[in-house]
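*Asks:* As input, take upload.pdb (PDB, C-alpha atoms):
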MODEL        1
ATOM      1  CA  MET A   1      34.041  22.542  10.052  1.00  0.00           C
ATOM      2  CA  ALA A   2      33.726  24.753   6.982  1.00  0.00           C
ATOM      3  CA  ARG A   3      32.205  23.102   3.953  1.00  0.00           C
ATOM      4  CA  TYR A   4      31.572  24.107   0.332  1.00  0.00           C
ATOM      5  CA  THR A   5      27.865  24.923   0.031  1.00  0.00           C
ATOM      6  CA  GLY A   6      27.657  26.160  -3.555  1.00  0.00           C
ATOM      7  CA  SER A   7      26.462  24.306  -6.644  1.00  0.00           C
ATOM      8  CA  VAL A   8      28.454  21.100  -7.092  1.00  0.00           C
ATOM      9  CA  CYS A   9      27.553  21.091 -10.782  1.00  0.00           C
ATOM     10  CA  ARG A  10      29.756  24.167 -11.193  1.00  0.00           C
ATOM     11  CA  LEU A  11      32.690  22.130  -9.876  1.00  0.00           C
ATOM     12  CA  CYS A  12      32.215  19.480 -12.565  1.00  0.00           C
ATOM     13  CA  ARG A  13      31.977  22.139 -15.246  1.00  0.00           C
ATOM     14  CA  ARG A  14      35.123  23.818 -13.959  1.00  0.00           C
ATOM     15  CA  GLU A  15      37.076  20.566 -14.215  1.00  0.00           C
ATOM     16  CA  GLY A  16      35.553  19.784 -17.613  1.00  0.00           C
ATOM     17  CA  GLN A  17      34.344  16.304 -16.671  1.00  0.00           C
ATOM     18  CA  LYS A  18      31.848  14.471 -14.496  1.00  0.00           C
ATOM     19  CA  LEU A  19      32.984  14.138 -10.900  1.00  0.00           C
ATOM     20  CA  PHE A  20      29.756  12.317  -9.937  1.00  0.00           C
ATOM     21  CA  LEU A  21      29.062  14.624  -7.009  1.00  0.00           C
ATOM     22  CA  LYS A  22      25.271  14.556  -7.245  1.00  0.00           C
ATOM     23  CA  GLY A  23      24.295  10.908  -7.316  1.00  0.00           C
ATOM     24  CA  GLU A  24      21.686   9.798  -9.842  1.00  0.00           C
ATOM     25  CA  ARG A  25      21.487  13.222 -11.522  1.00  0.00           C
ATOM     26  CA  CYS A  26      25.027  12.719 -12.852  1.00  0.00           C
ATOM     27  CA  TYR A  27      23.819   9.721 -14.882  1.00  0.00           C
ATOM     28  CA  SER A  28      20.845  11.558 -16.432  1.00  0.00           C
ATOM     29  CA  ASP A  29      20.370  14.148 -19.168  1.00  0.00           C
ATOM     30  CA  LYS A  30      19.987  16.766 -16.450  1.00  0.00           C
ATOM     31  CA  CYS A  31      23.725  16.621 -15.730  1.00  0.00           C
ATOM     32  CA  ALA A  32      25.284  20.068 -16.108  1.00  0.00           C
ATOM     33  CA  ILE A  33      28.189  18.717 -18.192  1.00  0.00           C
ATOM     34  CA  VAL A  34      25.712  17.327 -20.732  1.00  0.00           C
ATOM     35  CA  ARG A  35      23.920  20.672 -20.991  1.00  0.00           C
ATOM     36  CA  ARG A  36      26.893  23.040 -20.821  1.00  0.00           C
ATOM     37  CA  GLU A  37      30.250  21.434 -21.425  1.00  0.00           C
ATOM     38  CA  TYR A  38      32.345  24.492 -20.612  1.00  0.00           C
ATOM     39  CA  ALA A  39      33.613  26.216 -17.486  1.00  0.00           C
ATOM     40  CA  PRO A  40      31.181  28.451 -15.535  1.00  0.00           C
ATOM     41  CA  GLY A  41      31.401  32.237 -15.626  1.00  0.00           C
ATOM     42  CA  GLN A  42      31.379  34.810 -18.409  1.00  0.00           C
ATOM     43  CA  HIS A  43      34.821  33.721 -19.640  1.00  0.00           C
ATOM     44  CA  GLY A  44      34.120  30.027 -19.402  1.00  0.00           C
ATOM     45  CA  GLN A  45      33.922  29.476 -23.161  1.00  0.00           C
ATOM     46  CA  GLY A  46      37.123  31.340 -23.925  1.00  0.00           C
ATOM     47  CA  ARG A  47      40.317  29.543 -24.837  1.00  0.00           C
ATOM     48  CA  LYS A  48      43.044  29.723 -22.230  1.00  0.00           C
ATOM     49  CA  LYS A  49      46.673  28.686 -22.338  1.00  0.00           C
ATOM     50  CA  VAL A  50      47.325  26.500 -19.319  1.00  0.00           C
ATOM     51  CA  SER A  51      50.735  26.680 -17.637  1.00  0.00           C
ATOM     52  CA  GLU A  52      52.527  23.804 -15.915  1.00  0.00           C
ATOM     53  CA  TYR A  53      51.414  25.210 -12.581  1.00  0.00           C
ATOM     54  CA  GLY A  54      47.848  25.425 -13.872  1.00  0.00           C
ATOM     55  CA  ILE A  55      47.880  21.738 -14.853  1.00  0.00           C
ATOM     56  CA  GLN A  56      49.163  20.761 -11.401  1.00  0.00           C
ATOM     57  CA  LEU A  57      46.595  22.981  -9.713  1.00  0.00           C
ATOM     58  CA  ARG A  58      43.735  21.455 -11.664  1.00  0.00           C
ATOM     59  CA  ALA A  59      44.891  17.955 -10.689  1.00  0.00           C
ATOM     60  CA  LYS A  60      44.844  18.929  -7.037  1.00  0.00           C
ATOM     61  CA  GLN A  61      41.490  20.699  -7.274  1.00  0.00           C
ATOM     62  CA  LYS A  62      39.934  17.723  -9.039  1.00  0.00           C
ATOM     63  CA  ALA A  63      41.068  15.342  -6.284  1.00  0.00           C
ATOM     64  CA  ARG A  64      39.782  17.690  -3.581  1.00  0.00           C
ATOM     65  CA  ARG A  65      36.414  17.927  -5.245  1.00  0.00           C
ATOM     66  CA  TYR A  66      36.068  14.209  -5.779  1.00  0.00           C
ATOM     67  CA  TYR A  67      36.278  13.712  -2.026  1.00  0.00           C
ATOM     68  CA  GLY A  68      34.624  16.984  -0.965  1.00  0.00           C
ATOM     69  CA  ILE A  69      37.566  18.192   1.135  1.00  0.00           C
ATOM     70  CA  LEU A  70      38.690  21.768   1.714  1.00  0.00           C
ATOM     71  CA  GLU A  71      42.250  22.949   1.157  1.00  0.00           C
ATOM     72  CA  ASN A  72      43.648  22.840   4.704  1.00  0.00           C
ATOM     73  CA  GLN A  73      42.407  19.319   5.349  1.00  0.00           C
ATOM     74  CA  PHE A  74      43.624  18.138   1.956  1.00  0.00           C
ATOM     75  CA  TYR A  75      47.111  19.496   2.654  1.00  0.00           C
ATOM     76  CA  HIS A  76      47.051  17.772   6.037  1.00  0.00           C
ATOM     77  CA  TYR A  77      46.419  14.475   4.260  1.00  0.00           C
ATOM     78  CA  PHE A  78      49.337  15.230   1.922  1.00  0.00           C
ATOM     79  CA  GLU A  79      51.663  15.797   4.883  1.00  0.00           C
ATOM     80  CA  LEU A  80      50.554  12.495   6.443  1.00  0.00           C
ATOM     81  CA  ALA A  81      51.098  10.702   3.131  1.00  0.00           C
ATOM     82  CA  GLY A  82      54.656  12.049   2.944  1.00  0.00           C
ATOM     83  CA  LYS A  83      55.502  10.550   6.328  1.00  0.00           C
ATOM     84  CA  MET A  84      54.234   7.088   5.391  1.00  0.00           C
ATOM     85  CA  PRO A  85      56.398   4.460   3.683  1.00  0.00           C
ATOM     86  CA  GLY A  86      55.762   4.096  -0.019  1.00  0.00           C
ATOM     87  CA  VAL A  87      54.830   6.491  -2.825  1.00  0.00           C
ATOM     88  CA  PRO A  88      53.414   9.789  -1.436  1.00  0.00           C
ATOM     89  CA  GLY A  89      50.813  10.227  -4.185  1.00  0.00           C
ATOM     90  CA  GLU A  90      49.443   6.720  -3.754  1.00  0.00           C
ATOM     91  CA  ASN A  91      49.494   7.105   0.028  1.00  0.00           C
ATOM     92  CA  LEU A  92      47.431  10.277  -0.353  1.00  0.00           C
ATOM     93  CA  LEU A  93      44.737   8.545  -2.386  1.00  0.00           C
ATOM     94  CA  ARG A  94      44.723   5.607   0.016  1.00  0.00           C
ATOM     95  CA  LEU A  95      44.114   7.934   2.981  1.00  0.00           C
ATOM     96  CA  LEU A  96      41.259   9.630   1.140  1.00  0.00           C
ATOM     97  CA  GLU A  97      39.708   6.316   0.084  1.00  0.00           C
ATOM     98  CA  CYS A  98      39.770   5.021   3.658  1.00  0.00           C
ATOM     99  CA  ARG A  99      37.702   7.866   5.068  1.00  0.00           C
ATOM    100  CA  LEU A 100      34.452   6.605   6.570  1.00  0.00           C
ATOM    101  CA  ASP A 101      32.252   8.714   4.290  1.00  0.00           C
ATOM    102  CA  ASN A 102      34.031   7.432   1.184  1.00  0.00           C
ATOM    103  CA  VAL A 103      33.749   3.800   2.315  1.00  0.00           C
ATOM    104  CA  VAL A 104      30.015   4.288   2.945  1.00  0.00           C
ATOM    105  CA  TYR A 105      29.706   5.622  -0.615  1.00  0.00           C
ATOM    106  CA  ARG A 106      31.826   2.819  -2.089  1.00  0.00           C
ATOM    107  CA  LEU A 107      29.651   0.215  -0.361  1.00  0.00           C
ATOM    108  CA  GLY A 108      26.559   1.635  -2.090  1.00  0.00           C
ATOM    109  CA  LEU A 109      25.057   2.882   1.167  1.00  0.00           C
ATOM    110  CA  ALA A 110      24.911   6.442  -0.216  1.00  0.00           C
ATOM    111  CA  SER A 111      24.440   7.909  -3.687  1.00  0.00           C
ATOM    112  CA  SER A 112      27.320  10.361  -3.397  1.00  0.00           C
ATOM    113  CA  ARG A 113      30.125  11.202  -0.999  1.00  0.00           C
ATOM    114  CA  LYS A 114      28.263  14.330   0.022  1.00  0.00           C
ATOM    115  CA  GLU A 115      25.192  12.296   0.906  1.00  0.00           C
ATOM    116  CA  ALA A 116      27.382   9.757   2.720  1.00  0.00           C
ATOM    117  CA  ARG A 117      28.887  12.542   4.824  1.00  0.00           C
ATOM    118  CA  GLN A 118      25.443  13.821   5.767  1.00  0.00           C
ATOM    119  CA  LEU A 119      24.130  10.372   6.669  1.00  0.00           C
ATOM    120  CA  VAL A 120      27.212   9.663   8.801  1.00  0.00           C
ATOM    121  CA  LEU A 121      26.719  12.951  10.646  1.00  0.00           C
ATOM    122  CA  HIS A 122      23.128  11.911  11.380  1.00  0.00           C
ATOM    123  CA  ASN A 123      24.221   8.641  13.028  1.00  0.00           C
ATOM    124  CA  HIS A 124      22.840   6.275  10.393  1.00  0.00           C
ATOM    125  CA  TYR A 125      25.885   3.956  10.478  1.00  0.00           C
ATOM    126  CA  THR A 126      27.993   2.084  12.982  1.00  0.00           C
ATOM    127  CA  LEU A 127      31.693   1.247  12.925  1.00  0.00           C
ATOM    128  CA  ASN A 128      32.664  -2.056  14.541  1.00  0.00           C
ATOM    129  CA  GLY A 129      29.300  -2.088  16.316  1.00  0.00           C
ATOM    130  CA  LYS A 130      29.659   1.380  17.816  1.00  0.00           C
ATOM    131  CA  LYS A 131      27.833   4.585  16.940  1.00  0.00           C
ATOM    132  CA  VAL A 132      29.903   6.987  14.877  1.00  0.00           C
ATOM    133  CA  ASN A 133      29.226  10.411  13.369  1.00  0.00           C
ATOM    134  CA  ILE A 134      32.659  11.566  12.171  1.00  0.00           C
ATOM    135  CA  PRO A 135      32.968  11.282   8.355  1.00  0.00           C
ATOM    136  CA  SER A 136      36.760  11.657   8.343  1.00  0.00           C
ATOM    137  CA  ILE A 137      37.533   8.638  10.553  1.00  0.00           C
ATOM    138  CA  GLN A 138      40.262   6.524   8.967  1.00  0.00           C
ATOM    139  CA  LEU A 139      39.287   2.890   8.473  1.00  0.00           C
ATOM    140  CA  LYS A 140      41.748   0.008   8.504  1.00  0.00           C
ATOM    141  CA  ALA A 141      41.659  -3.583   7.334  1.00  0.00           C
ATOM    142  CA  GLY A 142      39.102  -5.588   9.265  1.00  0.00           C
ATOM    143  CA  ASP A 143      36.847  -2.654  10.173  1.00  0.00           C
ATOM    144  CA  VAL A 144      33.118  -3.284   9.756  1.00  0.00           C
ATOM    145  CA  VAL A 145      30.626  -0.606   8.677  1.00  0.00           C
ATOM    146  CA  ALA A 146      26.901  -1.276   9.015  1.00  0.00           C
ATOM    147  CA  VAL A 147      23.587   0.539   8.835  1.00  0.00           C
ATOM    148  CA  ALA A 148      22.501   1.297  12.409  1.00  0.00           C
ATOM    149  CA  ASN A 149      19.585  -0.789  13.706  1.00  0.00           C
ATOM    150  CA  LYS A 150      17.339   2.240  14.084  1.00  0.00           C
ATOM    151  CA  SER A 151      17.987   3.226  10.453  1.00  0.00           C
ATOM    152  CA  ARG A 152      17.277  -0.127   8.801  1.00  0.00           C
ATOM    153  CA  SER A 153      13.568   0.681   8.583  1.00  0.00           C
ATOM    154  CA  SER A 154      14.211   4.193   7.217  1.00  0.00           C
ATOM    155  CA  GLU A 155      12.606   4.712   3.795  1.00  0.00           C
ATOM    156  CA  LYS A 156      15.494   7.000   2.887  1.00  0.00           C
ATOM    157  CA  ILE A 157      18.109   4.329   3.584  1.00  0.00           C
ATOM    158  CA  LYS A 158      16.051   1.651   1.802  1.00  0.00           C
ATOM    159  CA  ALA A 159      15.720   3.863  -1.273  1.00  0.00           C
ATOM    160  CA  VAL A 160      19.450   4.662  -1.307  1.00  0.00           C
ATOM    161  CA  VAL A 161      20.488   1.007  -1.007  1.00  0.00           C
ATOM    162  CA  GLU A 162      18.048  -0.076  -3.718  1.00  0.00           C
ATOM    163  CA  ALA A 163      19.128   2.698  -6.084  1.00  0.00           C
ATOM    164  CA  ASN A 164      22.798   1.702  -5.724  1.00  0.00           C
ATOM    165  CA  SER A 165      22.341  -2.068  -5.686  1.00  0.00           C
ATOM    166  CA  ALA A 166      23.772  -2.443  -9.191  1.00  0.00           C
ATOM    167  CA  ARG A 167      26.931  -0.476  -8.409  1.00  0.00           C
ATOM    168  CA  PRO A 168      29.950  -2.814  -8.206  1.00  0.00           C
ATOM    169  CA  THR A 169      31.745  -3.012  -4.861  1.00  0.00           C
ATOM    170  CA  PRO A 170      35.543  -2.483  -5.012  1.00  0.00           C
ATOM    171  CA  LYS A 171      37.511  -5.664  -4.375  1.00  0.00           C
ATOM    172  CA  TRP A 172      39.121  -4.196  -1.260  1.00  0.00           C
ATOM    173  CA  LEU A 173      35.653  -4.064   0.325  1.00  0.00           C
ATOM    174  CA  ASP A 174      33.100  -6.777   1.041  1.00  0.00           C
ATOM    175  CA  PHE A 175      29.374  -5.991   1.248  1.00  0.00           C
ATOM    176  CA  ASN A 176      26.485  -8.116   2.489  1.00  0.00           C
ATOM    177  CA  SER A 177      23.252  -6.729   1.041  1.00  0.00           C
ATOM    178  CA  GLU A 178      21.086  -8.794   3.387  1.00  0.00           C
ATOM    179  CA  THR A 179      22.619  -7.489   6.611  1.00  0.00           C
ATOM    180  CA  LEU A 180      23.602  -4.101   5.110  1.00  0.00           C
ATOM    181  CA  THR A 181      27.100  -4.634   6.436  1.00  0.00           C
ATOM    182  CA  GLY A 182      30.418  -3.892   4.780  1.00  0.00           C
ATOM    183  CA  ARG A 183      33.955  -4.860   5.736  1.00  0.00           C
ATOM    184  CA  VAL A 184      37.346  -3.469   4.756  1.00  0.00           C
ATOM    185  CA  VAL A 185      39.110  -6.561   3.426  1.00  0.00           C
ATOM    186  CA  GLU A 186      42.396  -4.758   2.806  1.00  0.00           C
ATOM    187  CA  LEU A 187      43.685  -1.262   2.174  1.00  0.00           C
ATOM    188  CA  PRO A 188      43.265  -0.233  -1.474  1.00  0.00           C
ATOM    189  CA  ASN A 189      46.129  -0.234  -3.961  1.00  0.00           C
ATOM    190  CA  ARG A 190      46.384   2.388  -6.701  1.00  0.00           C
ATOM    191  CA  GLU A 191      44.837   0.052  -9.286  1.00  0.00           C
ATOM    192  CA  ASP A 192      41.812  -0.365  -7.023  1.00  0.00           C
ATOM    193  CA  ILE A 193      41.036   3.367  -7.139  1.00  0.00           C
ATOM    194  CA  ASP A 194      39.099   4.136 -10.322  1.00  0.00           C
ATOM    195  CA  LEU A 195      39.281   7.936 -10.142  1.00  0.00           C
ATOM    196  CA  ASP A 196      40.864  10.008 -12.904  1.00  0.00           C
ATOM    197  CA  VAL A 197      43.463  11.643 -10.667  1.00  0.00           C
ATOM    198  CA  ALA A 198      47.089  12.370 -11.566  1.00  0.00           C
ATOM    199  CA  GLU A 199      48.495  12.139  -8.061  1.00  0.00           C
ATOM    200  CA  HIS A 200      52.075  12.753  -9.187  1.00  0.00           C
ATOM    201  CA  LEU A 201      51.042  16.246 -10.286  1.00  0.00           C
ATOM    202  CA  ILE A 202      49.689  16.933  -6.788  1.00  0.00           C
ATOM    203  CA  VAL A 203      53.028  15.887  -5.299  1.00  0.00           C
ATOM    204  CA  GLU A 204      54.864  18.156  -7.745  1.00  0.00           C
ATOM    205  CA  LEU A 205      52.601  21.083  -6.851  1.00  0.00           C
ATOM    206  CA  TYR A 206      53.060  20.787  -3.090  1.00  0.00           C
ATOM    207  CA  SER A 207      56.792  20.076  -3.422  1.00  0.00           C
ATOM    208  CA  LYS A 208      57.565  23.472  -4.929  1.00  0.00           C
TER     209      LYS A 208
ENDMDL
END
Output the structure of this file as structure tokens.
*Replies:*
Amino acid sequence: MARYTGSVCRLCRREGQKLFLKGERCYSDKCAIVRREYAPGQHGQGRKKVSEYGIQLRAKQKARRYYGILENQFYHYFELAGKMPGVPGENLLRLLECRLDNVVYRLGLASSRKEARQLVLHNHYTLNGKKVNIPSIQLKAGDVVAVANKSRSSEKIKAVVEANSARPTPKWLDFNSETLTGRVVELPNREDIDLDVAEHLIVELYSK
């Protein structure tokens, strides 16, 4: 599958805020937003009048970049959300939150969603006791994610877990730091998702 391979710091600068795409670096003085708080490119510091469409587009782009998803896949999630009962925008965020790579990140088993995706691809985690290497798998209530037995002694995994030990676990997830096991207690509600995303603008954009 195609994947964005450019500088993720440029994405934060383009959105004008931290998207926390690079783990620990985002919390340090090396963060690109701290150094250059303007959009990338030669016209990045110029003032621009933003249209209604532009505001909706930025909302959609920000959500895509939070979760590291390309346009076609993001639109596919939007179509699925529209077929589900409930509010489409909230359904969209719920689908994105329940991806395996995002749950791994939320449990503190990776420093960023990008790192979580890479670790999942390299078979470092199990889902309900079975090997899994597909980051986009949708989790449901009761599913259990754990560090694979072969990876528990990995210095990389140990360092990641220790570095993220102070990060709070969302209430819709339960994490056991001793067994390195996490469980989906329930599907997240909108108030459980702490991202600065205006999902209603995404719905308006795609509904045109």
*Asks:* Name all residues at most 10 Å from Ser177 (chain A) (count all atoms listed in the file; drop same-chain ones fewer than 5 positions away) and give them as a PyMOL selection string.
*Replies:* chain A and resi 107-109+161-162+165+182
*Asks:* My list of candidates is A:Asp192, A:Glu178, A:Glu52, A:Glu186. Which is closest to Val144 (chain A) when distances are computed with only C-alpha atoms?
*Replies:* A:Glu186
*Asks:* Near Lys131 (chain A), within 12 Å and counting all atoms listed in the file, which residues show up once chain neighbours fewer than 4 positions away are dropped, as a list in words?
*Replies:*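 These residues fall inside the cut-off: Val120, Leu121, His122, Asn123, His124, Tyr125, Thr126, Leu127, Val144, Val145, Ala146, Val147, Ala148, Asn149, Lys150 and Ser151 of chain A.
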*Asks:* Got a sec: who's within 12 Å of region 71-87 of chain A, counting all atoms listed in the file, leaving out chain neighbours fewer than 4 positions off, as a PyMOL selection string?
*Replies:* chain A and resi 1-4+57+60-67+91-99+136+138+189-190+199-200+202-207
*Asks:* Can you tell me how far CA of Pro135 (chain A) sits from CA of Gln118 (chain A), in Å to one decimal?
*Replies:*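 Here the two named atoms are 8.4 Å from each other.
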*Asks:* Starting from the displayed file, determine the output of the PyMOL selection byres ((chain A and resi 117) around 9) and express the residue list as JSON, numbers by chain.
*Replies:* {"A": [100, 101, 102, 104, 105, 110, 112, 113, 114, 115, 116, 118, 119, 120, 121, 122, 133, 134, 135, 136]}
*Asks:* Please write as a list in words the full residue list that the PyMOL selection byres ((chain A and resi 142) around 8) yields on this file.
*Replies:* Lys140, Ala141, Asp143, Val144, Arg183, Val184, Val185 and Glu186 of chain A
*Asks:* Which distance in Å separates CA of Ser111 (chain A) and CA of Ser154 (chain A), to one decimal?
*Replies:*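 Computed distance, CA of Ser111 (chain A) to CA of Ser154 (chain A), equals 15.4 Å.
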*Asks:* Could you state the separation of CA of Pro168 (chain A) and CA of Ile193 (chain A) in Å, given to one decimal place?
*Replies:*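 Computing it gives 12.7 Å between the two atoms.
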*Asks:* Choose the residue, out of A:Val132, A:Leu201, A:Val103, A:Ile157, that has the smallest atom-to-atom separation from Pro170 (chain A); count all atoms listed in the file.
*Replies:*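 Smallest separation from Pro170 (chain A) among the options: A:Val103.
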